[in-house]
file model.cif (mmCIF, C-alpha atoms and all ligand atoms)
data_data
#
loop_
_atom_site.label_atom_id
_atom_site.label_comp_id
_atom_site.auth_asym_id
_atom_site.auth_seq_id
_atom_site.Cartn_x
_atom_site.Cartn_y
_atom_site.Cartn_z
CA MET A 137 146.17 131.55 165.54
CA THR A 138 142.67 132.81 165.06
CA GLY A 139 139.81 131.82 162.78
CA PRO A 140 137.90 128.58 162.44
CA VAL A 141 138.88 125.41 160.65
CA VAL A 142 136.53 125.23 157.67
CA VAL A 143 135.43 122.13 155.75
CA ILE A 144 134.00 122.35 152.25
CA ALA A 145 131.40 119.61 152.02
CA GLU A 146 130.55 117.53 148.95
CA THR A 147 127.37 115.60 148.26
CA ASP A 148 126.46 112.77 145.93
CA HIS A 149 122.88 111.81 145.07
CA GLY A 150 121.51 113.85 147.96
CA ALA A 151 123.88 112.50 150.65
CA LEU A 152 127.14 113.76 152.12
CA THR A 153 130.06 111.80 150.73
CA PRO A 154 132.01 109.67 153.26
CA PRO A 155 135.24 111.64 152.49
CA THR A 156 133.37 114.81 153.52
CA LEU A 157 132.57 113.28 156.91
CA GLU A 158 136.22 112.21 157.25
CA CYS A 159 137.22 115.86 156.66
CA VAL A 160 134.74 117.05 159.28
CA GLU A 161 136.12 114.60 161.84
CA GLU A 162 139.72 115.52 160.99
CA ALA A 163 138.82 119.20 161.41
CA ARG A 164 137.15 118.37 164.73
CA ASP A 165 140.42 116.81 165.94
CA VAL A 166 142.39 119.89 164.87
CA VAL A 167 139.96 122.12 166.76
CA ALA A 168 140.16 119.85 169.81
CA GLU A 169 143.95 120.34 169.77
CA ARG A 170 144.06 124.09 169.25
CA GLY A 171 140.65 125.30 170.41
CA GLY A 172 138.35 127.43 168.30
CA GLN A 173 135.46 126.51 166.07
CA MET A 174 134.80 124.18 163.17
CA HIS A 175 132.69 125.48 160.34
CA ALA A 176 131.36 123.63 157.33
CA ILE A 177 130.28 125.10 154.01
CA LEU A 178 127.62 123.03 152.27
CA PRO A 179 126.96 123.98 148.62
CA GLY A 180 124.14 122.53 146.54
CA HIS A 181 120.44 122.66 145.85
CA GLY A 182 118.00 121.34 148.48
CA VAL A 183 120.87 120.13 150.67
CA ALA A 184 119.98 122.07 153.85
CA PRO A 185 118.70 118.94 155.73
CA LEU A 186 122.25 117.55 155.59
CA ALA A 187 123.54 120.32 157.86
CA GLU A 188 122.46 118.35 160.95
CA THR A 189 124.61 115.41 159.87
CA LEU A 190 127.63 117.70 159.57
CA GLY A 191 126.86 118.85 163.11
CA ALA A 192 126.56 115.28 164.37
CA HIS A 193 130.08 114.59 163.08
CA GLY A 194 131.60 117.70 164.65
CA ALA A 195 130.70 120.98 162.87
CA ASP A 196 129.83 123.88 165.19
CA ARG A 197 128.38 125.96 162.40
CA VAL A 198 127.16 125.20 158.88
CA THR A 199 126.71 127.68 156.06
CA VAL A 200 124.39 126.22 153.44
CA VAL A 201 125.10 127.78 150.05
CA GLU A 202 121.83 127.21 148.24
CA HIS A 203 121.28 127.74 144.53
CA GLN A 204 119.69 125.69 141.76
CA ALA A 205 122.83 126.22 139.68
CA LEU A 206 124.83 124.35 142.35
CA ALA A 207 122.79 121.15 141.92
CA GLN A 208 125.48 119.92 139.53
CA PHE A 209 129.18 120.65 139.77
CA SER A 210 130.71 123.53 137.84
CA ALA A 211 134.17 124.86 138.74
CA ASP A 212 133.11 128.37 137.70
CA GLY A 213 129.90 128.06 139.70
CA TRP A 214 131.57 126.77 142.85
CA LEU A 215 134.32 129.38 142.69
CA ALA A 216 131.79 132.19 142.26
CA ALA A 217 129.52 130.88 145.01
CA LEU A 218 132.03 129.69 147.59
CA GLU A 219 134.92 132.13 147.42
CA PRO A 220 133.02 134.96 149.19
CA VAL A 221 131.64 132.56 151.83
CA LEU A 222 135.08 131.12 152.54
CA ARG A 223 136.63 134.59 152.68
CA ALA A 224 133.95 135.82 155.10
CA SER A 225 134.58 132.89 157.45
CA ARG A 226 138.25 134.03 157.82
CA PRO A 227 139.57 130.48 158.21
CA MET A 228 142.82 129.50 159.83
CA LEU A 229 142.82 126.43 157.59
CA PHE A 230 140.35 124.83 155.22
CA ILE A 231 139.92 121.16 154.40
CA ALA A 232 138.12 119.47 151.50
CA PRO A 233 137.95 115.88 150.28
CA ASP A 234 140.66 115.10 147.73
CA SER A 235 138.16 114.64 144.92
CA GLY A 236 137.79 115.50 141.26
CA TYR A 237 135.67 118.49 142.27
CA SER A 238 138.11 120.02 144.72
CA ARG A 239 141.04 119.31 142.41
CA THR A 240 139.21 121.31 139.74
CA TRP A 241 138.10 124.46 141.50
CA LEU A 242 140.39 124.83 144.52
CA PRO A 243 143.67 125.19 142.56
CA ARG A 244 142.11 128.27 140.98
CA LEU A 245 141.25 129.66 144.40
CA SER A 246 144.75 128.91 145.70
CA ILE A 247 146.32 130.79 142.77
CA ARG A 248 143.91 133.68 143.23
CA TRP A 249 144.64 133.92 146.97
CA ARG A 250 148.32 132.94 146.62
CA ILE A 251 148.04 130.26 149.29
CA PRO A 252 149.30 126.67 149.40
CA LEU A 253 146.90 123.87 148.47
CA ILE A 254 148.20 120.56 149.79
CA THR A 255 146.84 117.44 148.07
CA ASN A 256 146.76 113.82 149.24
CA CYS A 257 146.89 114.67 152.95
CA SER A 258 146.79 111.87 155.49
CA ARG A 259 146.76 113.89 158.70
CA ILE A 260 146.51 117.49 159.79
CA LYS A 261 148.01 118.49 163.09
CA VAL A 262 148.69 121.68 164.96
CA ILE A 263 151.80 121.59 167.11
CA VAL A 264 152.12 123.38 170.39
CA ASP A 265 153.43 126.72 169.18
CA GLY A 266 150.81 127.02 166.48
CA TYR A 267 152.70 125.99 163.37
CA PRO A 268 150.43 123.74 161.28
CA GLU A 269 151.92 120.39 160.45
CA ILE A 270 150.54 118.52 157.48
CA TYR A 271 151.24 114.89 156.66
CA ARG A 272 150.74 113.76 153.09
CA PHE A 273 151.45 110.87 150.74
CA GLY A 274 154.11 111.93 148.26
CA HIS A 275 155.71 110.38 145.18
CA ASP A 276 152.71 108.26 144.27
CA GLY A 277 152.30 107.02 147.83
CA ARG A 278 155.91 105.87 148.13
CA ALA A 279 156.88 108.52 150.66
CA HIS A 280 155.23 110.11 153.67
CA GLU A 281 155.92 113.83 153.84
CA ARG A 282 155.61 116.12 156.82
CA GLN A 283 155.18 119.74 155.90
CA ILE A 284 155.57 122.52 158.44
CA TRP A 285 154.35 125.92 157.36
CA ALA A 286 155.06 129.35 158.78
CA ARG A 287 152.80 130.39 161.60
CA GLY A 288 149.70 132.14 160.32
CA THR A 289 149.88 130.74 156.77
CA LEU A 290 146.38 130.11 155.45
CA MET A 291 146.33 126.83 153.56
CA GLY A 292 143.93 124.45 151.93
CA CYS A 293 144.31 120.72 152.58
CA LEU A 294 142.76 118.00 150.45
CA LEU A 295 142.32 114.92 152.63
CA ALA A 296 142.84 111.60 150.83
CA PRO A 297 139.63 109.51 150.98
CA GLY A 298 139.67 106.58 153.38
CA VAL A 299 142.61 107.74 155.51
CA ARG A 300 140.64 107.69 158.73
CA GLY A 301 137.22 106.22 158.02
CA VAL A 302 133.99 107.72 159.32
CA GLY A 303 133.24 107.50 163.03
CA ALA A 304 129.82 107.24 164.62
CA ALA A 305 127.57 110.29 164.62
CA ARG A 306 127.37 111.91 168.05
CA ALA A 307 124.28 112.66 170.04
CA ARG A 308 122.41 115.79 168.98
CA ARG A 309 124.65 118.86 169.38
CA HIS A 310 123.62 122.45 169.10
CA ILE A 311 124.86 123.91 165.83
CA GLU A 312 124.34 127.22 164.11
CA ILE A 313 122.95 126.92 160.59
CA GLU A 314 122.70 129.81 158.17
CA THR A 315 121.68 129.76 154.53
CA VAL A 316 123.08 132.08 151.90
CA THR A 317 121.83 132.34 148.33
CA PRO A 318 124.57 133.64 146.05
CA ALA A 319 123.77 135.71 142.98
CA LEU A 320 124.88 133.35 140.19
CA ASP A 321 124.51 133.59 136.46
CA PRO A 322 124.79 129.99 135.16
CA SER A 323 124.99 131.23 131.56
CA SER A 324 128.41 132.70 132.41
CA PHE A 325 129.79 129.32 133.63
CA ARG A 326 132.37 128.04 131.16
CA ASP A 327 132.03 124.48 132.43
CA ARG A 328 129.02 122.48 133.51
CA THR A 329 128.14 118.88 134.30
CA LEU A 330 126.00 117.36 131.56
CA LYS A 331 125.72 113.84 132.90
CA THR A 332 127.24 111.85 135.73
CA LEU A 333 128.26 108.37 134.60
CA PRO A 334 128.84 105.52 137.05
CA PRO A 335 132.54 104.58 137.18
CA ASP A 336 133.73 101.54 135.23
CA PRO A 337 134.81 99.05 137.94
CA LYS A 338 137.62 97.81 135.65
CA THR A 339 139.34 101.18 135.51
CA VAL A 340 138.07 103.09 138.53
CA ASP A 341 140.73 104.30 140.92
CA LEU A 342 140.96 101.86 143.85
CA ALA A 343 140.38 104.74 146.25
CA ASP A 344 136.93 105.27 144.70
CA ALA A 345 135.98 101.60 144.23
CA GLU A 346 132.88 100.27 146.01
CA ARG A 347 133.89 96.59 145.74
CA ILE A 348 137.42 95.27 145.66
CA ILE A 349 138.74 91.79 144.97
CA SER A 350 142.27 91.67 146.32
CA GLY A 351 144.96 89.15 145.51
CA GLY A 352 148.15 88.38 147.42
CA LEU A 353 151.05 86.00 146.90
CA GLY A 354 148.69 83.13 147.66
CA VAL A 355 147.15 83.46 144.17
CA GLY A 356 150.40 81.95 142.89
CA GLY A 357 151.02 83.96 139.71
CA THR A 358 149.52 85.76 136.73
CA ASP A 359 147.09 82.89 135.98
CA GLY A 360 145.68 83.03 139.50
CA MET A 361 145.40 86.82 139.23
CA ALA A 362 143.61 86.51 135.86
CA GLN A 363 141.06 84.25 137.53
CA LEU A 364 140.53 86.85 140.26
CA ARG A 365 140.05 89.47 137.53
CA GLN A 366 137.27 87.28 136.07
CA LEU A 367 135.68 87.07 139.51
CA ALA A 368 135.95 90.86 139.92
CA ASP A 369 134.26 91.35 136.52
CA ALA A 370 131.44 88.99 137.48
CA LEU A 371 130.87 90.92 140.72
CA GLY A 372 131.21 94.40 139.22
CA ALA A 373 134.26 94.81 141.43
CA THR A 374 137.74 96.26 140.96
CA LEU A 375 140.92 94.18 141.16
CA GLY A 376 143.62 95.18 143.64
CA GLY A 377 146.17 93.39 145.76
CA THR A 378 149.28 93.47 147.85
CA ARG A 379 152.49 95.26 147.11
CA VAL A 380 154.49 92.08 146.69
CA ALA A 381 151.98 90.86 144.09
CA ALA A 382 152.47 94.15 142.22
CA ASP A 383 156.25 93.95 142.63
CA ARG A 384 156.14 90.58 140.88
CA GLY A 385 154.26 92.10 137.96
CA TRP A 386 150.99 90.23 138.64
CA LEU A 387 149.19 93.56 139.07
CA ASP A 388 149.69 97.08 137.74
CA GLU A 389 151.73 99.38 139.97
CA ASP A 390 148.74 101.60 140.78
CA ARG A 391 146.70 98.60 141.95
CA PHE A 392 148.33 97.74 145.23
CA ILE A 393 146.79 98.67 148.54
CA GLY A 394 148.43 99.71 151.77
CA SER A 395 150.47 102.31 153.58
CA THR A 396 152.67 102.85 150.54
CA GLY A 397 149.90 102.13 148.03
CA LYS A 398 146.26 103.10 147.79
CA ILE A 399 144.09 103.74 150.82
CA VAL A 400 140.71 102.21 150.07
CA SER A 401 137.25 102.47 151.61
CA PRO A 402 135.00 100.07 149.69
CA LYS A 403 131.71 98.62 150.84
CA LEU A 404 133.14 95.15 150.16
CA TYR A 405 136.78 94.05 150.31
CA VAL A 406 137.54 90.37 149.56
CA ALA A 407 141.11 89.19 150.13
CA PHE A 408 142.38 86.00 148.50
CA GLY A 409 145.76 84.69 149.59
CA VAL A 410 146.64 87.87 151.49
CA SER A 411 148.41 87.35 154.82
CA GLY A 412 147.32 90.70 156.32
CA ALA A 413 150.68 92.37 156.96
CA GLY A 414 150.48 95.68 158.81
CA GLN A 415 151.53 97.71 155.76
CA HIS A 416 148.70 96.18 153.73
CA VAL A 417 145.90 96.40 156.27
CA ALA A 418 146.85 100.05 156.96
CA GLY A 419 145.13 100.71 153.65
CA ILE A 420 141.87 98.84 154.19
CA GLY A 421 140.69 99.95 157.64
CA ALA A 422 137.78 101.98 156.28
CA SER A 423 136.25 99.02 154.37
CA GLU A 424 132.68 98.25 155.43
CA LEU A 425 132.72 94.46 155.01
CA ILE A 426 135.92 92.42 154.85
CA ILE A 427 135.98 88.82 153.65
CA ALA A 428 139.20 86.79 153.60
CA VAL A 429 140.11 83.43 152.11
CA ASN A 430 143.33 81.87 153.32
CA THR A 431 144.73 78.38 153.85
CA ASP A 432 146.44 79.44 157.07
CA ARG A 433 143.91 79.74 159.88
CA THR A 434 146.37 81.88 161.89
CA ALA A 435 146.74 84.52 159.14
CA PRO A 436 146.14 88.04 160.54
CA MET A 437 143.89 88.75 157.55
CA LEU A 438 141.41 86.11 158.74
CA LYS A 439 141.46 87.63 162.23
CA MET A 440 140.47 91.09 161.03
CA ALA A 441 137.87 89.83 158.54
CA ASP A 442 134.12 90.01 159.18
CA LEU A 443 133.88 86.66 157.40
CA GLY A 444 136.89 84.37 157.18
CA VAL A 445 137.08 81.27 155.03
CA VAL A 446 139.88 78.77 155.73
CA GLY A 447 140.51 77.08 152.43
CA ASP A 448 142.40 76.95 149.16
CA LEU A 449 141.51 79.82 146.88
CA HIS A 450 142.27 77.68 143.83
CA GLN A 451 139.29 75.50 144.79
CA ILE A 452 137.05 78.30 146.07
CA VAL A 453 137.41 80.84 143.23
CA PRO A 454 136.25 78.46 140.43
CA ILE A 455 133.19 77.48 142.53
CA LEU A 456 132.33 81.14 143.12
CA LEU A 457 132.86 81.96 139.45
CA GLY A 458 130.66 79.05 138.36
CA LYS A 459 127.85 80.15 140.69
CA LEU A 460 128.05 83.79 139.54
CA GLN A 461 128.05 82.75 135.88
CA ALA A 462 125.04 80.49 136.45
CA LEU A 463 123.21 83.36 138.17
CA ALA A 464 124.03 85.72 135.31
CA GLY A 465 122.78 83.07 132.83
CA GLU A 466 119.48 82.73 134.72
CA ARG A 467 119.02 86.51 134.69
CA ASN A 468 119.69 86.64 130.93
CA GLU A 469 117.19 83.84 130.32
CA ASP A 470 114.56 85.65 132.37
CA ALA A 471 115.20 88.74 130.31
CA VAL A 472 114.91 86.76 127.04
CA HIS A 473 111.70 85.02 128.12
CA GLU A 474 110.08 88.13 129.51
CA PRO A 475 106.99 88.43 127.32
CA GLU A 476 106.66 91.56 125.25
CA PRO A 477 103.50 93.61 125.88
CA ALA A 478 102.23 92.57 122.41
CA GLU A 479 102.76 88.87 123.25
CA LEU A 480 100.85 89.35 126.49
CA ALA A 481 97.96 90.98 124.65
CA LEU A 482 97.83 88.09 122.12
CA SER A 483 97.88 85.38 124.80
CA ALA A 484 95.17 87.24 126.73
CA ALA A 485 93.06 87.42 123.55
CA GLY A 486 93.62 83.69 122.86
CA SER A 487 92.62 82.53 126.34
C1 LIG B 1 158.49 99.68 153.85
C2 LIG B 1 157.46 98.67 153.41
C3 LIG B 1 156.26 99.13 152.90
C4 LIG B 1 155.31 98.19 152.50
N1 LIG B 1 154.12 98.66 151.99
C5 LIG B 1 153.19 97.75 151.63
C6 LIG B 1 151.93 98.19 151.13
O1 LIG B 1 151.64 99.40 151.00
N2 LIG B 1 151.03 97.26 150.76
C7 LIG B 1 151.28 95.91 150.88
O2 LIG B 1 150.39 95.11 150.50
N3 LIG B 1 152.45 95.49 151.34
C8 LIG B 1 153.42 96.36 151.71
N4 LIG B 1 154.60 95.90 152.16
C9 LIG B 1 154.84 94.44 152.15
C10 LIG B 1 154.23 93.77 153.37
O3 LIG B 1 155.10 93.89 154.47
C11 LIG B 1 153.94 92.29 153.12
O4 LIG B 1 155.16 91.67 152.74
C12 LIG B 1 152.93 92.04 152.04
O5 LIG B 1 151.77 92.80 152.27
C13 LIG B 1 152.56 90.56 152.02
O6 LIG B 1 151.84 90.31 150.85
P1 LIG B 1 150.96 89.01 150.69
O7 LIG B 1 149.94 88.98 151.75
O8 LIG B 1 150.53 88.99 149.27
O9 LIG B 1 152.04 87.83 150.83
P2 LIG B 1 152.32 86.83 152.00
O10 LIG B 1 152.60 87.55 153.25
O11 LIG B 1 153.37 85.89 151.50
O12 LIG B 1 150.96 86.04 152.21
C14 LIG B 1 150.40 85.15 151.32
C15 LIG B 1 149.22 84.50 152.01
O13 LIG B 1 148.56 83.65 151.10
C16 LIG B 1 148.13 82.50 151.81
N5 LIG B 1 147.97 81.42 150.82
C17 LIG B 1 148.94 80.76 150.16
N6 LIG B 1 148.41 79.88 149.29
C18 LIG B 1 147.05 80.02 149.40
C19 LIG B 1 145.95 79.39 148.75
N7 LIG B 1 146.14 78.46 147.80
N8 LIG B 1 144.71 79.76 149.11
C20 LIG B 1 144.50 80.70 150.06
N9 LIG B 1 145.51 81.34 150.71
C21 LIG B 1 146.78 81.01 150.37
C22 LIG B 1 149.21 82.24 152.83
O14 LIG B 1 148.69 81.48 153.92
C23 LIG B 1 149.57 83.65 153.22
O15 LIG B 1 148.80 84.10 154.35
C24 LIG B 1 155.56 96.81 152.59
C25 LIG B 1 156.78 96.38 153.13
C26 LIG B 1 157.70 97.29 153.53
C27 LIG B 1 159.01 96.78 154.10
#
call {"tool": "encode", "arguments": {"input": "model.cif", "output": "structure tokens"}}
result
Amino acid sequence: MTGPVVVIAETDHGALTPPTLECVEEARDVVAERGGQMHAILPGHGVAPLAETLGAHGADRVTVVEHQALAQFSADGWLAALEPVLRASRPMLFIAPDSGYSRTWLPRLSIRWRIPLITNCSRIKVIVDGYPEIYRFGHDGRAHERQIWARGTLMGCLLAPGVRGVGAARARRHIEIETVTPALDPSSFRDRTLKTLPPDPKTVDLADAERIISGGLGVGGTDGMAQLRQLADALGATLGGTRVAADRGWLDEDRFIGSTGKIVSPKLYVAFGVSGAGQHVAGIGASELIIAVNTDRTAPMLKMADLGVVGDLHQIVPILLGKLQALAGERNEDAVHEPEPAELALSAAGS
């Protein structure tokens, strides 16, 4: 097989997204197995300084695709700008984060090029004789598929966020960086981003959630889960849990976490009454901070937590809720009593 493994990078508010760095590291592993180079394509406006970070996570070469029209996502814009760059790199395989962006523009590329685009990938491997092997979550995460494609098939893989987590950046490596400026006519784009709204924590997909409150069988039933939902609302977090909690109907089916559920990578993951079975924790490894509350001090969940609390969640959750509600009340009062500029002017005049 010839040609590099290429990663299509995504940015958010001027930073590379964590799923992009996961793709870069996955591509690095593929290259380590089969030899060759790892290239990254970095589209956007003013994003060139991020090329070094792609290098620190494993890219040998970065092509920055710079244009003001790429500051915001447009499927037409990305297709017009990136197709020629991707074609010129003559990839053996390309990888992108499984995101709303890549699910919008890459299917069009795959139809145009008549190549497979494999979504929800968990691992990309190259076996000895050069046939690419792709592992993916199928049937809503209920099955693990292994796909083996004919030697030499060019394919696009969308890596599910959180499947491997982001490793440490390496010491400074030498990378090649080139910048291309495509000729784009934004007035011809049929779609454009008008505004980017923050996700609603109540409905956001668990895979994208920044804070997760997770409930297991220890919550005891739908009432316990409703109390956790209140806590999640107060923290601006999303409610998730274990598969057995979902099987009992305490949670929606798409809200359980683990090897057969969602793979999550939040900044904060708080587990209440979750024992920490292997199939569950397989889905939370990329969490930044893990807190666990459990009555059983030997529970595996407490062992893997950054902060473990041995105690009864039915006592702890109401205390936490009370404190959060009191804090929210204080903030509201401050907002109510904040003097208006006119009030300030009057009191200054009166003094
Ligand atoms: C093929 C297969 C795939 C699976 N896939 C998944 C998966 O993707 N995701 C998943 O989650 N599971 C999965 N499972 C199930 C998994 O093996 C565990 O059974 C499950 O994760 C356990 O859920 P739990 O922690 O809620 O329940 P339990 O293991 O019963 O743990 C409940 C915990 O709550 C604690 N507790 C009880 N009362 C309180 C209290 N008042 N306060 C505080 N703590 C309390 C207990 O000490 C205990 O540690 C799978 C199983 C199989 C066989």
call {"tool": "residues_near_ligand", "arguments": {"input": "model.cif", "ligand": "ligand LIG 1 (chain B)", "cutoff": "8 Å", "atoms": "only C-alpha atoms and all ligand atoms", "output": "ChimeraX atom specification"}}
result
/A:351-356,377-381,392-398,408-419,429-433,435-437,446-450
call {"tool": "atom_distance", "arguments": {"input": "model.cif", "atom1": "atom CA of A:Val400", "atom2": "atom CA of A:Ile348"}}
result
8.9 Å
call {"tool": "residues_around", "arguments": {"input": "model.cif", "residues": "stretch 365-376 of chain A", "least_positions_apart": "4", "cutoff": "7 Å", "atoms": "all atoms listed in the file", "output": "number ranges by chain"}}
result
A: 337-338, 345, 347-351, 361, 391-393, 457, 460
call {"tool": "write_last_selection", "arguments": {"input": "model.cif", "atoms": "C-alpha atoms", "output": "mmCIF file, in the frame of the given file"}}
result
data_model
loop_
_atom_site.group_PDB
_atom_site.id
_atom_site.type_symbol
_atom_site.label_atom_id
_atom_site.label_comp_id
_atom_site.auth_asym_id
_atom_site.auth_seq_id
_atom_site.Cartn_x
_atom_site.Cartn_y
_atom_site.Cartn_z
ATOM 1 C CA PRO A 337 134.810 99.050 137.940
ATOM 2 C CA LYS A 338 137.620 97.810 135.650
ATOM 3 C CA ALA A 345 135.980 101.600 144.230
ATOM 4 C CA ARG A 347 133.890 96.590 145.740
ATOM 5 C CA ILE A 348 137.420 95.270 145.660
ATOM 6 C CA ILE A 349 138.740 91.790 144.970
ATOM 7 C CA SER A 350 142.270 91.670 146.320
ATOM 8 C CA GLY A 351 144.960 89.150 145.510
ATOM 9 C CA MET A 361 145.400 86.820 139.230
ATOM 10 C CA ARG A 391 146.700 98.600 141.950
ATOM 11 C CA PHE A 392 148.330 97.740 145.230
ATOM 12 C CA ILE A 393 146.790 98.670 148.540
ATOM 13 C CA LEU A 457 132.860 81.960 139.450
ATOM 14 C CA LEU A 460 128.050 83.790 139.540
#
call {"tool": "atom_distance", "arguments": {"input": "model.cif", "atom1": "atom CA of A:Arg197", "atom2": "atom CA of A:Glu312"}}
result
4.6 Å
call {"tool": "residues_around", "arguments": {"input": "model.cif", "residues": "stretch 144-155 of chain A", "least_positions_apart": "4", "cutoff": "7 Å", "atoms": "all atoms listed in the file", "output": "list in words"}}
result
Cys159, Ala176, Ile177, Leu178, Val183, Ile231, Ala232, Pro233, Pro297, Gly298 and Val302 of chain A
call {"tool": "residues_around", "arguments": {"input": "model.cif", "residues": "A:Lys403", "least_positions_apart": "5", "cutoff": "7 Å", "atoms": "all atoms listed in the file", "output": "list in words"}}
result
Glu346, Arg347, Ser423, Glu424 and Leu425 of chain A
call {"tool": "closest_residue", "arguments": {"input": "model.cif", "among": "A:Leu404, A:Ala224, A:Leu320, A:Ala168", "to": "A:Ser210", "atoms": "only C-alpha atoms"}}
result
A:Leu320
